[in-house]
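K.L.:
Got a structure here, written out as structure tokens. Questions coming.
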Amino acid sequence: MPIFAIMIKNIISLVIRKVPRPYLQLVSHHIAKGLSLFYQGNDVECPVCQKHFRKFLPYGRKARENALCPNCLALERHRLMYLFLRRKTNFFTAPLRVLHVAPEICFIGRFEKQQNLEYTTADIESPLAKVKMDIHAIPFPENSFDVILCNHVMEHVADDGLAMRELYRVLRPGGWGIIQIPLFHPLPETTYEDASITSPAAREKAFGQNDHVRLYGKDYADRLRAAGFMVEENCYTKELPVEEVERYALPTDEIIFYVKKL
Ligand SMILES: [Zn+2]
């Protein structure tokens, strides 16, 4: 691998490990913009920001090649979710009240501009979110939202069952949502959690990351169902032509957990 590519990988890996999580997206944004100059080309395209590049930036603690959009910071899973929202839902067309928990920087500006959306961002600590809230006690009345987006939150919270029931409570009957979590393969049969494991190093070892409090297994969808949701597990990449999967650099094993309140 050329020295330059190794250098970029090392910079990104260092930033991910050292910058506190709430600020990671803000800091990364500036770094990625600078690096984008070296990635000019038309081999891959980001469906979120519609910019094209030679390839995407590497990303991750063990850096994955061709992962991060240098312009908007969308990762593989964000690009897939964006296509799913565009093509499989009414997200960009219907008048919708949306609650976006732990909002991803690649989506915020775009969703705020959508005239059809009444768009609320919320988080317990992210400087990107407008409403400060603890997901264990969501400060909105029941049936307040038509859509809930809540990605990569459940693996961090003390009581995911309560958090899921809170999301269910504020979603209106007929409403839908996407509630993603990281899946570390091979998946355990059942979710592993142990509240006595508290140090960052021990959490990294037990749950795959130093701020995770559980490792989800094959029962994740059932945990959402226990909170009241109807759940569709959607391997959306498999529905797409290989040219699109490559052009957009989409994940091959991502399951979109699409939930509904009946
Ligand atoms: Zn992008």
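The way I read the labels, and the way they are meant: chains A, B, ... in the order of the structure tokens, residue 1 as the first residue of every chain, and ligand 1 as the first ligand shown, with later ones counted on from there.
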Neighbours of A:Phe92 within 10 Å (only C-alpha atoms; same-chain residues fewer than 3 positions away dropped), as a VMD selection string?

P.N.:
chain A and resid 85 to 87 89 95 to 96 111 114 to 117

K.L.:
Just the selected residues (N, CA, C and O atoms), exported as a CSV table (one decimal), in the first residue's frame, please.

P.N.:
chain,number,residue,atom,x,y,z
A,85,LEU,N,-34.6,5.0,2.3
A,85,LEU,CA,-35.6,6.0,2.6
A,85,LEU,C,-36.2,6.6,1.3
A,85,LEU,O,-37.4,6.8,1.2
A,86,ARG,N,-35.3,6.8,0.3
A,86,ARG,CA,-35.8,7.4,-0.9
A,86,ARG,C,-36.7,6.5,-1.7
A,86,ARG,O,-37.7,6.9,-2.3
A,87,ARG,N,-36.3,5.2,-1.8
A,87,ARG,CA,-37.0,4.3,-2.7
A,87,ARG,C,-38.0,3.4,-2.1
A,87,ARG,O,-38.9,2.9,-2.8
A,89,THR,N,-39.7,4.2,1.1
A,89,THR,CA,-40.6,4.8,2.1
A,89,THR,C,-41.1,6.2,1.6
A,89,THR,O,-40.7,6.6,0.5
A,95,PRO,N,-46.0,14.6,4.2
A,95,PRO,CA,-45.8,15.5,5.4
A,95,PRO,C,-45.6,14.6,6.6
A,95,PRO,O,-46.5,13.8,7.0
A,96,LEU,N,-44.5,14.7,7.3
A,96,LEU,CA,-44.1,13.8,8.4
A,96,LEU,C,-43.5,14.5,9.5
A,96,LEU,O,-42.6,15.4,9.3
A,111,PHE,N,-32.1,16.7,5.8
A,111,PHE,CA,-33.4,16.5,6.3
A,111,PHE,C,-34.0,17.8,6.8
A,111,PHE,O,-35.2,18.0,6.7
A,114,GLN,N,-35.7,19.5,4.0
A,114,GLN,CA,-36.9,18.9,3.4
A,114,GLN,C,-38.2,19.6,3.8
A,114,GLN,O,-38.5,19.6,5.0
A,115,GLN,N,-38.9,20.2,2.9
A,115,GLN,CA,-40.1,21.0,3.2
A,115,GLN,C,-41.2,20.1,3.8
A,115,GLN,O,-42.1,20.6,4.5
A,116,ASN,N,-41.2,18.9,3.4
A,116,ASN,CA,-42.3,18.0,3.9
A,116,ASN,C,-42.1,17.5,5.3
A,116,ASN,O,-43.0,17.0,5.9
A,117,LEU,N,-40.9,17.8,5.9
A,117,LEU,CA,-40.7,17.2,7.2
A,117,LEU,C,-40.8,18.3,8.3
A,117,LEU,O,-40.3,19.4,8.1

K.L.:
Neighbouring residues of stretch 236-239 of chain A were defined as those with any atom within 8 Å, considering only C-alpha atoms; residues of the same chain fewer than 2 positions away were excluded. Please report them as a list in words.

P.N.:
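The neighbour list is Leu80, Phe84, Asn234, Pro241, Val245, Leu250, Pro251, Thr252, Asp253, Glu254, Ile255 and Ile256 of chain A.
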
K.L.:
Dump as JSON lines the rows for residues of chain A within 10 Å of ligand 1: closest atom pair and distance in Å with one decimal, only C-alpha atoms and all ligand atoms counted, ordered by chain and rising residue number.

P.N.:
{"residue": "A:Glu45", "atom": "CA", "partner": "ligand 1", "partner_atom_place_in_ligand_line": "1 (Zn)", "distance": 7.7}
{"residue": "A:Cys46", "atom": "CA", "partner": "ligand 1", "partner_atom_place_in_ligand_line": "1 (Zn)", "distance": 4.5}
{"residue": "A:Pro47", "atom": "CA", "partner": "ligand 1", "partner_atom_place_in_ligand_line": "1 (Zn)", "distance": 6.7}
{"residue": "A:Val48", "atom": "CA", "partner": "ligand 1", "partner_atom_place_in_ligand_line": "1 (Zn)", "distance": 5.1}
{"residue": "A:Cys49", "atom": "CA", "partner": "ligand 1", "partner_atom_place_in_ligand_line": "1 (Zn)", "distance": 4.1}
{"residue": "A:Gln50", "atom": "CA", "partner": "ligand 1", "partner_atom_place_in_ligand_line": "1 (Zn)", "distance": 6.3}
{"residue": "A:Lys51", "atom": "CA", "partner": "ligand 1", "partner_atom_place_in_ligand_line": "1 (Zn)", "distance": 6.1}
{"residue": "A:His52", "atom": "CA", "partner": "ligand 1", "partner_atom_place_in_ligand_line": "1 (Zn)", "distance": 8.2}
{"residue": "A:Phe53", "atom": "CA", "partner": "ligand 1", "partner_atom_place_in_ligand_line": "1 (Zn)", "distance": 9.7}
{"residue": "A:Phe56", "atom": "CA", "partner": "ligand 1", "partner_atom_place_in_ligand_line": "1 (Zn)", "distance": 9.2}
{"residue": "A:Leu68", "atom": "CA", "partner": "ligand 1", "partner_atom_place_in_ligand_line": "1 (Zn)", "distance": 8.1}
{"residue": "A:Cys69", "atom": "CA", "partner": "ligand 1", "partner_atom_place_in_ligand_line": "1 (Zn)", "distance": 4.7}
{"residue": "A:Pro70", "atom": "CA", "partner": "ligand 1", "partner_atom_place_in_ligand_line": "1 (Zn)", "distance": 6.7}
{"residue": "A:Asn71", "atom": "CA", "partner": "ligand 1", "partner_atom_place_in_ligand_line": "1 (Zn)", "distance": 5.1}
{"residue": "A:Cys72", "atom": "CA", "partner": "ligand 1", "partner_atom_place_in_ligand_line": "1 (Zn)", "distance": 4.1}
{"residue": "A:Leu73", "atom": "CA", "partner": "ligand 1", "partner_atom_place_in_ligand_line": "1 (Zn)", "distance": 5.9}
{"residue": "A:Ala74", "atom": "CA", "partner": "ligand 1", "partner_atom_place_in_ligand_line": "1 (Zn)", "distance": 5.3}
{"residue": "A:Leu75", "atom": "CA", "partner": "ligand 1", "partner_atom_place_in_ligand_line": "1 (Zn)", "distance": 8.4}
{"residue": "A:His78", "atom": "CA", "partner": "ligand 1", "partner_atom_place_in_ligand_line": "1 (Zn)", "distance": 9.3}
{"residue": "A:Arg79", "atom": "CA", "partner": "ligand 1", "partner_atom_place_in_ligand_line": "1 (Zn)", "distance": 8.0}
{"residue": "A:Cys106", "atom": "CA", "partner": "ligand 1", "partner_atom_place_in_ligand_line": "1 (Zn)", "distance": 7.0}
{"residue": "A:Phe107", "atom": "CA", "partner": "ligand 1", "partner_atom_place_in_ligand_line": "1 (Zn)", "distance": 9.5}
{"residue": "A:Tyr248", "atom": "CA", "partner": "ligand 1", "partner_atom_place_in_ligand_line": "1 (Zn)", "distance": 9.8}

K.L.:
Write to file, as an mmCIF file, in the first residue's frame, the residues of the selection just made, with C-alpha atoms.

P.N.:
data_model
loop_
_atom_site.group_PDB
_atom_site.id
_atom_site.type_symbol
_atom_site.label_atom_id
_atom_site.label_comp_id
_atom_site.auth_asym_id
_atom_site.auth_seq_id
_atom_site.Cartn_x
_atom_site.Cartn_y
_atom_site.Cartn_z
ATOM 1 C CA GLU A 45 -20.601 8.149 -5.954
ATOM 2 C CA CYS A 46 -22.313 9.127 -2.707
ATOM 3 C CA PRO A 47 -26.112 8.977 -3.071
ATOM 4 C CA VAL A 48 -26.503 11.231 -0.003
ATOM 5 C CA CYS A 49 -24.543 14.273 -1.285
ATOM 6 C CA GLN A 50 -24.299 13.169 -4.947
ATOM 7 C CA LYS A 51 -20.576 13.912 -5.150
ATOM 8 C CA HIS A 52 -18.261 11.470 -6.889
ATOM 9 C CA PHE A 53 -14.716 10.396 -6.089
ATOM 10 C CA PHE A 56 -14.159 6.751 -0.474
ATOM 11 C CA LEU A 68 -16.346 7.252 4.314
ATOM 12 C CA CYS A 69 -17.623 9.980 1.961
ATOM 13 C CA PRO A 70 -15.040 12.815 2.146
ATOM 14 C CA ASN A 71 -17.734 15.395 1.453
ATOM 15 C CA CYS A 72 -20.666 14.520 3.761
ATOM 16 C CA LEU A 73 -19.184 11.772 6.011
ATOM 17 C CA ALA A 74 -21.747 9.160 4.972
ATOM 18 C CA LEU A 75 -20.531 5.625 5.667
ATOM 19 C CA HIS A 78 -25.717 5.623 5.752
ATOM 20 C CA ARG A 79 -25.627 5.439 1.964
ATOM 21 C CA CYS A 106 -24.476 13.440 6.820
ATOM 22 C CA PHE A 107 -28.271 13.585 7.173
ATOM 23 C CA TYR A 248 -22.241 3.518 -4.038
#

K.L.:
Counting only C-alpha atoms, which residues of stretch 99-125 of chain A sit at most 6 Å from some atom of stretch 146-159 of chain A, and what is each one's closest atom pair with its distance in Å to one decimal, listed by chain and rising residue number, as a tab-separated table?

P.N.:
residue	atom	partner	partner_atom	distance
A:Leu99	CA	A:Ile148	CA	4.9
A:His100	CA	A:Leu149	CA	4.7
A:Val101	CA	A:Cys150	CA	4.8

K.L.:
Filtering to N, CA and C atoms, could you give me those residues as an mmCIF file, in the first residue's frame?

P.N.:
data_model
loop_
_atom_site.group_PDB
_atom_site.id
_atom_site.type_symbol
_atom_site.label_atom_id
_atom_site.label_comp_id
_atom_site.auth_asym_id
_atom_site.auth_seq_id
_atom_site.Cartn_x
_atom_site.Cartn_y
_atom_site.Cartn_z
ATOM 1 N N LEU A 99 -38.736 12.263 14.433
ATOM 2 C CA LEU A 99 -37.793 12.345 15.554
ATOM 3 C C LEU A 99 -36.529 11.590 15.157
ATOM 4 N N HIS A 100 -35.408 12.302 15.116
ATOM 5 C CA HIS A 100 -34.130 11.685 14.751
ATOM 6 C C HIS A 100 -33.217 11.711 15.977
ATOM 7 N N VAL A 101 -33.037 10.529 16.577
ATOM 8 C CA VAL A 101 -32.216 10.409 17.784
ATOM 9 C C VAL A 101 -30.759 10.158 17.371
#

K.L.:
Can you list, as a PyMOL selection string, every residue of stretch 20-240 of chain A that DSSP puts in strand (DSSP E)?

P.N.:
chain A and resi 40-45+52-53+57-59+64-68+96-101+117-123+131-132+145-150+171-178+192-193+214-215+230-234

K.L.:
Compare A:Phe229, A:Phe38, A:Tyr192, A:Tyr59 by their minimum atom-to-atom distance to A:Gly174, counting only C-alpha atoms, and give me the closest one.

P.N.:
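Result for the nearest residue to A:Gly174: A:Phe229.
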
K.L.:
Nearest to A:Leu262 among A:Tyr220, A:Arg169, A:Ser196, A:Pro188, with distances taken over only C-alpha atoms: which residue is it?

P.N.:
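Checking each of A:Tyr220, A:Arg169, A:Ser196, A:Pro188 against A:Leu262, counting only C-alpha atoms, the winner is A:Arg169.
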
K.L.:
Enter the distance from atom CA of A:Leu167 to atom CA of A:Pro141, in Å, rounded to one decimal.

P.N.:
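Interatomic distance, atom CA of A:Leu167 to atom CA of A:Pro141: 10.8 Å.
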
K.L.:
Find the residue from A:Lys261, A:Tyr23, A:Ala67, A:Glu118 that sits nearest to A:Asn143; use only C-alpha atoms when measuring.

P.N.:
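Answer, going by the shortest atom-to-atom distance: A:Lys261.
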
K.L.:
State, in Å with one decimal place, the distance from atom CA of A:Asp123 to atom CA of A:Val98.

P.N.:
13.9 Å

K.L.:
Which is closest to A:Val44 among A:Val19, A:Thr120, A:Glu76, A:Lys113, if we use only C-alpha atoms?

P.N.:
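Nearest to A:Val44: A:Glu76.
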
K.L.:
May I ask which of the residues A:Lys205, A:Arg110, A:Lys130, A:Arg247 is the closest one to A:Asn66, counting only C-alpha atoms?

P.N.:
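Nearest candidate to A:Asn66 out of A:Lys205, A:Arg110, A:Lys130, A:Arg247: A:Arg247.
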
K.L.:
Choose the residue, out of A:Glu166, A:Ile11, A:His136, A:Leu83, that has the smallest atom-to-atom separation from A:Glu244; count only C-alpha atoms.

P.N.:
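Counting only C-alpha atoms, the residue closest to A:Glu244 is A:Leu83.
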
K.L.:
Need the shell around A:Ser28: protein/DNA/RNA residues with any atom at most 8 Å away, counting only C-alpha atoms. Skip same-chain ones fewer than 4 positions apart. Format as a PyMOL selection string?

P.N.:
chain A and resi 15+24+32+73

K.L.:
Taking the DSSP assignment computed from this structure's backbone, write out as number ranges by chain all residues of stretch 33-240 of chain A that belong to alpha helix (DSSP H).

P.N.:
A: 33-35, 76-88, 105-113, 160-170, 200-207, 220-226

K.L.:
Take the residues just selected and output them with C-alpha atoms as a PDB file, in the first residue's frame.

P.N.:
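Output below, filename out35.pdb:
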ATOM      1  CA  LYS A  33     -12.949  17.944   3.569  1.00  0.00           C
ATOM      2  CA  GLY A  34      -9.191  18.505   3.465  1.00  0.00           C
ATOM      3  CA  LEU A  35      -8.492  14.944   2.340  1.00  0.00           C
ATOM      4  CA  GLU A  76     -21.609   2.496   3.789  1.00  0.00           C
ATOM      5  CA  ARG A  77     -24.638   1.987   6.064  1.00  0.00           C
ATOM      6  CA  HIS A  78     -25.717   5.623   5.752  1.00  0.00           C
ATOM      7  CA  ARG A  79     -25.627   5.439   1.964  1.00  0.00           C
ATOM      8  CA  LEU A  80     -27.753   2.279   2.079  1.00  0.00           C
ATOM      9  CA  MET A  81     -30.233   3.804   4.520  1.00  0.00           C
ATOM     10  CA  TYR A  82     -30.547   6.928   2.378  1.00  0.00           C
ATOM     11  CA  LEU A  83     -31.386   4.836  -0.706  1.00  0.00           C
ATOM     12  CA  PHE A  84     -33.869   2.825   1.358  1.00  0.00           C
ATOM     13  CA  LEU A  85     -35.567   6.011   2.618  1.00  0.00           C
ATOM     14  CA  ARG A  86     -35.756   7.404  -0.943  1.00  0.00           C
ATOM     15  CA  ARG A  87     -36.968   4.303  -2.705  1.00  0.00           C
ATOM     16  CA  LYS A  88     -38.877   2.262  -0.131  1.00  0.00           C
ATOM     17  CA  ILE A 105     -24.033  14.628  10.424  1.00  0.00           C
ATOM     18  CA  CYS A 106     -24.476  13.440   6.820  1.00  0.00           C
ATOM     19  CA  PHE A 107     -28.271  13.585   7.173  1.00  0.00           C
ATOM     20  CA  ILE A 108     -29.022  16.597   9.371  1.00  0.00           C
ATOM     21  CA  GLY A 109     -28.631  19.445   6.855  1.00  0.00           C
ATOM     22  CA  ARG A 110     -30.475  17.543   4.141  1.00  0.00           C
ATOM     23  CA  PHE A 111     -33.400  16.499   6.317  1.00  0.00           C
ATOM     24  CA  GLU A 112     -33.707  20.009   7.783  1.00  0.00           C
ATOM     25  CA  LYS A 113     -34.140  21.373   4.254  1.00  0.00           C
ATOM     26  CA  ASP A 160     -32.554  -0.835  25.923  1.00  0.00           C
ATOM     27  CA  GLY A 161     -35.988  -2.361  26.630  1.00  0.00           C
ATOM     28  CA  LEU A 162     -37.137   0.861  28.265  1.00  0.00           C
ATOM     29  CA  ALA A 163     -35.589   2.949  25.456  1.00  0.00           C
ATOM     30  CA  MET A 164     -37.431   0.872  22.839  1.00  0.00           C
ATOM     31  CA  ARG A 165     -40.726   1.206  24.728  1.00  0.00           C
ATOM     32  CA  GLU A 166     -40.207   4.976  24.891  1.00  0.00           C
ATOM     33  CA  LEU A 167     -39.674   5.160  21.114  1.00  0.00           C
ATOM     34  CA  TYR A 168     -42.796   3.051  20.657  1.00  0.00           C
ATOM     35  CA  ARG A 169     -44.797   5.344  22.940  1.00  0.00           C
ATOM     36  CA  VAL A 170     -43.965   8.556  21.047  1.00  0.00           C
ATOM     37  CA  PRO A 200     -13.665   0.879  28.773  1.00  0.00           C
ATOM     38  CA  ALA A 201     -11.066  -1.839  28.178  1.00  0.00           C
ATOM     39  CA  ALA A 202     -13.322  -4.600  29.512  1.00  0.00           C
ATOM     40  CA  ARG A 203     -16.273  -3.282  27.492  1.00  0.00           C
ATOM     41  CA  GLU A 204     -14.189  -3.222  24.336  1.00  0.00           C
ATOM     42  CA  LYS A 205     -13.288  -6.861  24.916  1.00  0.00           C
ATOM     43  CA  ALA A 206     -16.769  -8.029  25.888  1.00  0.00           C
ATOM     44  CA  PHE A 207     -18.980  -5.901  23.619  1.00  0.00           C
ATOM     45  CA  TYR A 220     -32.382  -8.160  18.388  1.00  0.00           C
ATOM     46  CA  ALA A 221     -35.585  -8.029  16.317  1.00  0.00           C
ATOM     47  CA  ASP A 222     -37.410  -9.960  19.058  1.00  0.00           C
ATOM     48  CA  ARG A 223     -36.302  -7.365  21.598  1.00  0.00           C
ATOM     49  CA  LEU A 224     -37.885  -4.667  19.399  1.00  0.00           C
ATOM     50  CA  ARG A 225     -41.032  -6.814  19.109  1.00  0.00           C
ATOM     51  CA  ALA A 226     -41.171  -7.129  22.887  1.00  0.00           C
TER      52      ALA A 226
END
